[in-house]
Amino acid sequence: MRLTAPLLALAALATAAPTLRVRPQATMTASARSAIRRSPSLGGARSVVSSSARHPVSKPGSARSRSLVARAQEAEPASPPIPFLAPPLALALAYAIVKASPLDEALTGLIDGNGYPQMFRDLDLPGFFYKWFHAGNMAIAGGAMGGYGTWLGFETKAGRGDDPAWGALNGETKRELHKLLMAGAALVFAAGGLGGVTFMLTLNKSVFDSPHAVTGMAELLLFATQAGLAISMGSNPELRKAHANLGSITMGILLAHAALGLKLGLSL
């Protein structure tokens, strides 16, 4: 009689095993429950099994624990949407600088004070030179550097940044030449902006009355933002993505800047 209860319990468990594999919460028969309650050893085993099923414990070196650690590391706060915040902020700040700051008077006083507009007037060059030299210079130098540099940036994003770059004088890779060209383009745009102000003063006009000045200032601010991202992003995938997306938007604003410049030149 002492072995009867354990045998009945084992028989009941064997009978209910297929059901337990499909539905973990399967109901046991009344005889099986009664037999397990009468058997201290099986009842204890049942309580341990049910407890471990409800609260599985992962060993420190198990695949489950490694997966949980990896998920916790991945669950970092996403970076702010820089590509969508920076352009409107740059345009708003550029408008404030152009329209509400003494920049116009400061640059006009500096350039006029050094006699550059009068020097160009004394050259008595054809009228189209004063109107379009700045535009041609920006299209050739800035456009070539910015356009090719942007393409190299997309090549780098696509995983080909370590390939040799076409036209590199010292064997730079696409990644390295991208940095050099975009830094050079920023300097050309800044110097070209001063040249544009000078030629407008030569014609006794002020470029600050045109939205072309606003987009030009916004471009310089966005180039500075891009430089900050390039320095700080390292191997951060979110910042790298933001850098690439903001670069595309910056080039789009540059095209709008060129269109406004063309409109300005045709109106002179």
# chains A, B, ... in the order shown; residues from 1 in each chain; ligands from 1
$ closest_atom_pairs --of "region 203-236 of chain A" --to "region 105-112 of chain A" --cutoff "12 Å" --atoms "only C-alpha atoms" --output "Markdown table"
| residue | atom | partner | partner_atom | distance |
| --- | --- | --- | --- | --- |
| A:Asn204 | CA | A:Asp112 | CA | 10.7 |
| A:Lys205 | CA | A:Thr108 | CA | 10.6 |
| A:Ser206 | CA | A:Thr108 | CA | 8.7 |
| A:Val207 | CA | A:Thr108 | CA | 10.3 |
| A:Phe208 | CA | A:Glu105 | CA | 10.0 |
$ residues_around --residues "Val188 (chain A)" --least-positions-apart "6" --cutoff "12 Å" --atoms "only C-alpha atoms" --output "list in words"
His134, Asn137, Met138, Ala139, Ile140, Ala141, Gly142, Gly143, Ala144, Met145, Gly146, Leu181, Met182, Leu194, Gly195, Gly196, Glu219, Leu220 and Phe223 of chain A
$ closest_residue --among "A:Asn245, A:Leu203, A:Pro81, A:Asp209" --to "Thr150 (chain A)" --atoms "only C-alpha atoms"
A:Asn245
$ closest_residue --among "A:Ser210, A:Gln226, A:Asn114, A:Thr198" --to "Ala90 (chain A)" --atoms "only C-alpha atoms"
A:Gln226
$ residues_around --residues "Arg160 (chain A)" --least-positions-apart "2" --cutoff "12 Å" --atoms "only C-alpha atoms" --output "PyMOL selection string"
chain A and resi 151-158+162-165+173-176+178
$ residues_around --residues "Tyr116 (chain A)" --least-positions-apart "6" --cutoff "9 Å" --atoms "only C-alpha atoms" --output "list in words"
Thr198, Phe199, Leu201 and Thr202 of chain A
$ closest_atom_pairs --of "region 144-224 of chain A" --to "region 254-257 of chain A" --cutoff "9 Å" --atoms "only C-alpha atoms" --output "tab-separated table"
residue	atom	partner	partner_atom	distance
A:Pro211	CA	A:His257	CA	8.4
A:His212	CA	A:His257	CA	5.8
A:Ala213	CA	A:His257	CA	8.4
A:Val214	CA	A:His257	CA	8.6
A:Thr215	CA	A:His257	CA	5.5
A:Gly216	CA	A:His257	CA	6.4
A:Glu219	CA	A:Leu254	CA	6.8
$ residues_around --residues "Gly228 (chain A)" --least-positions-apart "6" --cutoff "12 Å" --atoms "only C-alpha atoms" --output "NGL selection string"
:A and (82 or 183 or 221-222 or 234 or 239-240 or 242-243 or 246)
$ write_last_selection --atoms "all heavy atoms" --output "PDB file, in the first residue's frame"
ATOM      1  N   ILE A  82      17.997  65.741 -34.734  1.00  0.00           N
ATOM      2  CA  ILE A  82      18.822  66.876 -35.145  1.00  0.00           C
ATOM      3  C   ILE A  82      18.522  67.323 -36.575  1.00  0.00           C
ATOM      4  O   ILE A  82      18.405  68.530 -36.826  1.00  0.00           O
ATOM      5  CB  ILE A  82      20.315  66.530 -34.967  1.00  0.00           C
ATOM      6  CG1 ILE A  82      20.624  66.248 -33.490  1.00  0.00           C
ATOM      7  CG2 ILE A  82      21.202  67.650 -35.493  1.00  0.00           C
ATOM      8  CD1 ILE A  82      22.023  65.769 -33.236  1.00  0.00           C
ATOM      9  N   ALA A 183      35.228  70.808 -45.312  1.00  0.00           N
ATOM     10  CA  ALA A 183      35.844  71.908 -44.553  1.00  0.00           C
ATOM     11  C   ALA A 183      36.262  73.028 -45.500  1.00  0.00           C
ATOM     12  O   ALA A 183      36.055  74.222 -45.210  1.00  0.00           O
ATOM     13  CB  ALA A 183      37.046  71.388 -43.769  1.00  0.00           C
ATOM     14  N   LEU A 221      25.741  78.440 -40.548  1.00  0.00           N
ATOM     15  CA  LEU A 221      25.376  77.844 -39.262  1.00  0.00           C
ATOM     16  C   LEU A 221      25.223  76.337 -39.371  1.00  0.00           C
ATOM     17  O   LEU A 221      25.640  75.591 -38.471  1.00  0.00           O
ATOM     18  CB  LEU A 221      24.073  78.477 -38.754  1.00  0.00           C
ATOM     19  CG  LEU A 221      24.137  79.968 -38.394  1.00  0.00           C
ATOM     20  CD1 LEU A 221      22.747  80.486 -38.044  1.00  0.00           C
ATOM     21  CD2 LEU A 221      25.096  80.204 -37.239  1.00  0.00           C
ATOM     22  N   LEU A 222      24.649  75.850 -40.477  1.00  0.00           N
ATOM     23  CA  LEU A 222      24.480  74.411 -40.663  1.00  0.00           C
ATOM     24  C   LEU A 222      25.819  73.729 -40.897  1.00  0.00           C
ATOM     25  O   LEU A 222      26.029  72.590 -40.447  1.00  0.00           O
ATOM     26  CB  LEU A 222      23.530  74.145 -41.827  1.00  0.00           C
ATOM     27  CG  LEU A 222      22.062  74.489 -41.568  1.00  0.00           C
ATOM     28  CD1 LEU A 222      21.226  74.327 -42.833  1.00  0.00           C
ATOM     29  CD2 LEU A 222      21.487  73.623 -40.449  1.00  0.00           C
ATOM     30  N   GLY A 234      31.933  59.991 -33.559  1.00  0.00           N
ATOM     31  CA  GLY A 234      32.693  58.765 -33.374  1.00  0.00           C
ATOM     32  C   GLY A 234      32.052  57.598 -34.095  1.00  0.00           C
ATOM     33  O   GLY A 234      31.797  57.649 -35.300  1.00  0.00           O
ATOM     34  N   LEU A 239      24.192  59.387 -34.289  1.00  0.00           N
ATOM     35  CA  LEU A 239      24.783  60.657 -34.700  1.00  0.00           C
ATOM     36  C   LEU A 239      25.285  60.590 -36.137  1.00  0.00           C
ATOM     37  O   LEU A 239      25.239  61.591 -36.876  1.00  0.00           O
ATOM     38  CB  LEU A 239      25.917  61.043 -33.752  1.00  0.00           C
ATOM     39  CG  LEU A 239      25.504  61.442 -32.331  1.00  0.00           C
ATOM     40  CD1 LEU A 239      26.720  61.848 -31.517  1.00  0.00           C
ATOM     41  CD2 LEU A 239      24.490  62.577 -32.361  1.00  0.00           C
ATOM     42  N   ARG A 240      25.783  59.420 -36.558  1.00  0.00           N
ATOM     43  CA  ARG A 240      26.216  59.274 -37.953  1.00  0.00           C
ATOM     44  C   ARG A 240      25.034  59.409 -38.905  1.00  0.00           C
ATOM     45  O   ARG A 240      25.130  60.044 -39.958  1.00  0.00           O
ATOM     46  CB  ARG A 240      26.907  57.925 -38.149  1.00  0.00           C
ATOM     47  CG  ARG A 240      28.313  57.862 -37.584  1.00  0.00           C
ATOM     48  CD  ARG A 240      29.017  56.555 -37.927  1.00  0.00           C
ATOM     49  NE  ARG A 240      30.406  56.623 -37.572  1.00  0.00           N
ATOM     50  CZ  ARG A 240      31.366  57.136 -38.335  1.00  0.00           C
ATOM     51  NH1 ARG A 240      31.051  57.638 -39.508  1.00  0.00           N
ATOM     52  NH2 ARG A 240      32.627  57.169 -37.939  1.00  0.00           N
ATOM     53  N   ALA A 242      22.283  61.056 -38.234  1.00  0.00           N
ATOM     54  CA  ALA A 242      21.874  62.457 -38.182  1.00  0.00           C
ATOM     55  C   ALA A 242      22.790  63.320 -39.047  1.00  0.00           C
ATOM     56  O   ALA A 242      22.329  64.237 -39.739  1.00  0.00           O
ATOM     57  CB  ALA A 242      21.885  62.946 -36.736  1.00  0.00           C
ATOM     58  N   HIS A 243      24.094  63.033 -39.021  1.00  0.00           N
ATOM     59  CA  HIS A 243      25.060  63.781 -39.829  1.00  0.00           C
ATOM     60  C   HIS A 243      24.751  63.626 -41.315  1.00  0.00           C
ATOM     61  O   HIS A 243      24.774  64.614 -42.077  1.00  0.00           O
ATOM     62  CB  HIS A 243      26.471  63.288 -39.519  1.00  0.00           C
ATOM     63  CG  HIS A 243      27.552  63.971 -40.300  1.00  0.00           C
ATOM     64  ND1 HIS A 243      27.950  65.265 -40.065  1.00  0.00           N
ATOM     65  CD2 HIS A 243      28.311  63.525 -41.331  1.00  0.00           C
ATOM     66  CE1 HIS A 243      28.915  65.593 -40.904  1.00  0.00           C
ATOM     67  NE2 HIS A 243      29.155  64.558 -41.688  1.00  0.00           N
ATOM     68  N   LEU A 246      21.267  65.397 -42.104  1.00  0.00           N
ATOM     69  CA  LEU A 246      21.395  66.853 -42.054  1.00  0.00           C
ATOM     70  C   LEU A 246      22.230  67.357 -43.228  1.00  0.00           C
ATOM     71  O   LEU A 246      21.977  68.457 -43.748  1.00  0.00           O
ATOM     72  CB  LEU A 246      22.029  67.286 -40.730  1.00  0.00           C
ATOM     73  CG  LEU A 246      22.171  68.796 -40.515  1.00  0.00           C
ATOM     74  CD1 LEU A 246      20.830  69.488 -40.634  1.00  0.00           C
ATOM     75  CD2 LEU A 246      22.815  69.090 -39.169  1.00  0.00           C
TER      76      LEU A 246
END
$ closest_residue --among "A:Gly147, A:Phe189, A:Gly247, A:Trp132" --to "Leu268 (chain A)" --atoms "only C-alpha atoms"
A:Trp132
$ decode --residues "region 75-119 of chain A" --atoms "N, CA and C atoms" --output "mmCIF file, in the first residue's frame"
data_model
loop_
_atom_site.group_PDB
_atom_site.id
_atom_site.type_symbol
_atom_site.label_atom_id
_atom_site.label_comp_id
_atom_site.auth_asym_id
_atom_site.auth_seq_id
_atom_site.Cartn_x
_atom_site.Cartn_y
_atom_site.Cartn_z
ATOM 1 N N ALA A 75 18.755 49.452 -25.180
ATOM 2 C CA ALA A 75 17.634 50.314 -24.805
ATOM 3 C C ALA A 75 18.127 51.644 -24.256
ATOM 4 N N GLU A 76 18.967 52.336 -25.054
ATOM 5 C CA GLU A 76 19.453 53.646 -24.676
ATOM 6 C C GLU A 76 18.549 54.706 -25.286
ATOM 7 N N PRO A 77 18.455 55.864 -24.675
ATOM 8 C CA PRO A 77 17.601 56.920 -25.236
ATOM 9 C C PRO A 77 18.097 57.355 -26.601
ATOM 10 N N ALA A 78 17.178 57.478 -27.558
ATOM 11 C CA ALA A 78 17.536 57.864 -28.913
ATOM 12 C C ALA A 78 17.986 59.314 -28.933
ATOM 13 N N SER A 79 18.881 59.611 -29.878
ATOM 14 C CA SER A 79 19.352 60.975 -30.005
ATOM 15 C C SER A 79 18.230 61.872 -30.519
ATOM 16 N N PRO A 80 18.263 63.160 -30.197
ATOM 17 C CA PRO A 80 17.205 64.074 -30.654
ATOM 18 C C PRO A 80 17.192 64.156 -32.173
ATOM 19 N N PRO A 81 16.061 64.501 -32.749
ATOM 20 C CA PRO A 81 15.959 64.564 -34.221
ATOM 21 C C PRO A 81 16.694 65.779 -34.767
ATOM 22 N N ILE A 82 17.997 65.741 -34.734
ATOM 23 C CA ILE A 82 18.822 66.876 -35.145
ATOM 24 C C ILE A 82 18.522 67.323 -36.575
ATOM 25 N N PRO A 83 18.410 66.400 -37.556
ATOM 26 C CA PRO A 83 18.187 66.861 -38.932
ATOM 27 C C PRO A 83 16.909 67.658 -39.112
ATOM 28 N N PHE A 84 15.920 67.467 -38.244
ATOM 29 C CA PHE A 84 14.651 68.171 -38.391
ATOM 30 C C PHE A 84 14.564 69.413 -37.499
ATOM 31 N N LEU A 85 15.434 69.502 -36.505
ATOM 32 C CA LEU A 85 15.451 70.670 -35.629
ATOM 33 C C LEU A 85 16.444 71.726 -36.097
ATOM 34 N N ALA A 86 17.609 71.286 -36.583
ATOM 35 C CA ALA A 86 18.674 72.221 -36.923
ATOM 36 C C ALA A 86 18.312 73.176 -38.060
ATOM 37 N N PRO A 87 17.723 72.707 -39.192
ATOM 38 C CA PRO A 87 17.453 73.653 -40.292
ATOM 39 C C PRO A 87 16.516 74.796 -39.923
ATOM 40 N N PRO A 88 15.331 74.539 -39.310
ATOM 41 C CA PRO A 88 14.484 75.687 -38.961
ATOM 42 C C PRO A 88 15.120 76.593 -37.918
ATOM 43 N N LEU A 89 15.858 76.015 -36.978
ATOM 44 C CA LEU A 89 16.532 76.844 -35.981
ATOM 45 C C LEU A 89 17.615 77.695 -36.640
ATOM 46 N N ALA A 90 18.349 77.101 -37.580
ATOM 47 C CA ALA A 90 19.394 77.856 -38.283
ATOM 48 C C ALA A 90 18.787 78.988 -39.097
ATOM 49 N N LEU A 91 17.664 78.725 -39.777
ATOM 50 C CA LEU A 91 17.016 79.776 -40.569
ATOM 51 C C LEU A 91 16.490 80.901 -39.675
ATOM 52 N N ALA A 92 15.894 80.525 -38.530
ATOM 53 C CA ALA A 92 15.379 81.548 -37.613
ATOM 54 C C ALA A 92 16.516 82.385 -37.035
ATOM 55 N N LEU A 93 17.593 81.719 -36.643
ATOM 56 C CA LEU A 93 18.732 82.458 -36.085
ATOM 57 C C LEU A 93 19.388 83.322 -37.153
ATOM 58 N N ALA A 94 19.487 82.800 -38.382
ATOM 59 C CA ALA A 94 20.073 83.586 -39.474
ATOM 60 C C ALA A 94 19.232 84.820 -39.764
ATOM 61 N N TYR A 95 17.916 84.680 -39.741
ATOM 62 C CA TYR A 95 17.034 85.831 -39.971
ATOM 63 C C TYR A 95 17.246 86.888 -38.887
ATOM 64 N N ALA A 96 17.370 86.419 -37.640
ATOM 65 C CA ALA A 96 17.587 87.366 -36.541
ATOM 66 C C ALA A 96 18.935 88.073 -36.690
ATOM 67 N N ILE A 97 19.967 87.343 -37.108
ATOM 68 C CA ILE A 97 21.293 87.957 -37.265
ATOM 69 C C ILE A 97 21.290 88.977 -38.401
ATOM 70 N N VAL A 98 20.647 88.621 -39.513
ATOM 71 C CA VAL A 98 20.663 89.502 -40.688
ATOM 72 C C VAL A 98 19.782 90.725 -40.484
ATOM 73 N N LYS A 99 18.614 90.523 -39.889
ATOM 74 C CA LYS A 99 17.628 91.599 -39.820
ATOM 75 C C LYS A 99 17.659 92.398 -38.518
ATOM 76 N N ALA A 100 18.097 91.780 -37.438
ATOM 77 C CA ALA A 100 17.976 92.441 -36.135
ATOM 78 C C ALA A 100 19.302 92.647 -35.429
ATOM 79 N N SER A 101 20.409 92.465 -36.133
ATOM 80 C CA SER A 101 21.710 92.666 -35.510
ATOM 81 C C SER A 101 22.467 93.741 -36.284
ATOM 82 N N PRO A 102 23.515 94.282 -35.694
ATOM 83 C CA PRO A 102 24.302 95.318 -36.389
ATOM 84 C C PRO A 102 25.297 94.754 -37.402
ATOM 85 N N LEU A 103 25.078 93.516 -37.861
ATOM 86 C CA LEU A 103 26.028 92.901 -38.789
ATOM 87 C C LEU A 103 26.130 93.693 -40.088
ATOM 88 N N ASP A 104 24.973 94.155 -40.599
ATOM 89 C CA ASP A 104 24.958 94.914 -41.842
ATOM 90 C C ASP A 104 25.861 96.145 -41.734
ATOM 91 N N GLU A 105 25.647 96.932 -40.698
ATOM 92 C CA GLU A 105 26.437 98.144 -40.531
ATOM 93 C C GLU A 105 27.912 97.836 -40.286
ATOM 94 N N ALA A 106 28.179 96.758 -39.539
ATOM 95 C CA ALA A 106 29.563 96.421 -39.225
ATOM 96 C C ALA A 106 30.328 96.013 -40.483
ATOM 97 N N LEU A 107 29.738 95.136 -41.294
ATOM 98 C CA LEU A 107 30.426 94.704 -42.511
ATOM 99 C C LEU A 107 30.535 95.833 -43.531
ATOM 100 N N THR A 108 29.466 96.612 -43.639
ATOM 101 C CA THR A 108 29.508 97.737 -44.576
ATOM 102 C C THR A 108 30.607 98.729 -44.191
ATOM 103 N N GLY A 109 30.703 99.040 -42.913
ATOM 104 C CA GLY A 109 31.745 99.950 -42.458
ATOM 105 C C GLY A 109 33.135 99.377 -42.678
ATOM 106 N N LEU A 110 33.297 98.078 -42.441
ATOM 107 C CA LEU A 110 34.609 97.446 -42.615
ATOM 108 C C LEU A 110 35.036 97.446 -44.080
ATOM 109 N N ILE A 111 34.132 97.003 -44.966
ATOM 110 C CA ILE A 111 34.483 96.875 -46.388
ATOM 111 C C ILE A 111 34.614 98.247 -47.050
ATOM 112 N N ASP A 112 33.655 99.130 -46.757
ATOM 113 C CA ASP A 112 33.731 100.483 -47.327
ATOM 114 C C ASP A 112 34.923 101.258 -46.760
ATOM 115 N N GLY A 113 35.195 101.029 -45.497
ATOM 116 C CA GLY A 113 36.297 101.751 -44.874
ATOM 117 C C GLY A 113 37.642 101.406 -45.471
ATOM 118 N N ASN A 114 37.774 100.197 -45.984
ATOM 119 C CA ASN A 114 39.025 99.788 -46.615
ATOM 120 C C ASN A 114 39.068 100.103 -48.118
ATOM 121 N N GLY A 115 37.993 100.668 -48.625
ATOM 122 C CA GLY A 115 37.995 101.129 -50.006
ATOM 123 C C GLY A 115 37.842 100.070 -51.066
ATOM 124 N N TYR A 116 37.386 98.857 -50.694
ATOM 125 C CA TYR A 116 37.275 97.799 -51.705
ATOM 126 C C TYR A 116 36.222 98.089 -52.767
ATOM 127 N N PRO A 117 35.008 98.555 -52.414
ATOM 128 C CA PRO A 117 34.035 98.847 -53.469
ATOM 129 C C PRO A 117 34.531 99.887 -54.472
ATOM 130 N N GLN A 118 35.166 100.948 -53.990
ATOM 131 C CA GLN A 118 35.673 101.976 -54.899
ATOM 132 C C GLN A 118 36.805 101.436 -55.767
ATOM 133 N N MET A 119 37.584 100.531 -55.215
ATOM 134 C CA MET A 119 38.668 99.926 -55.994
ATOM 135 C C MET A 119 38.110 99.157 -57.187
#
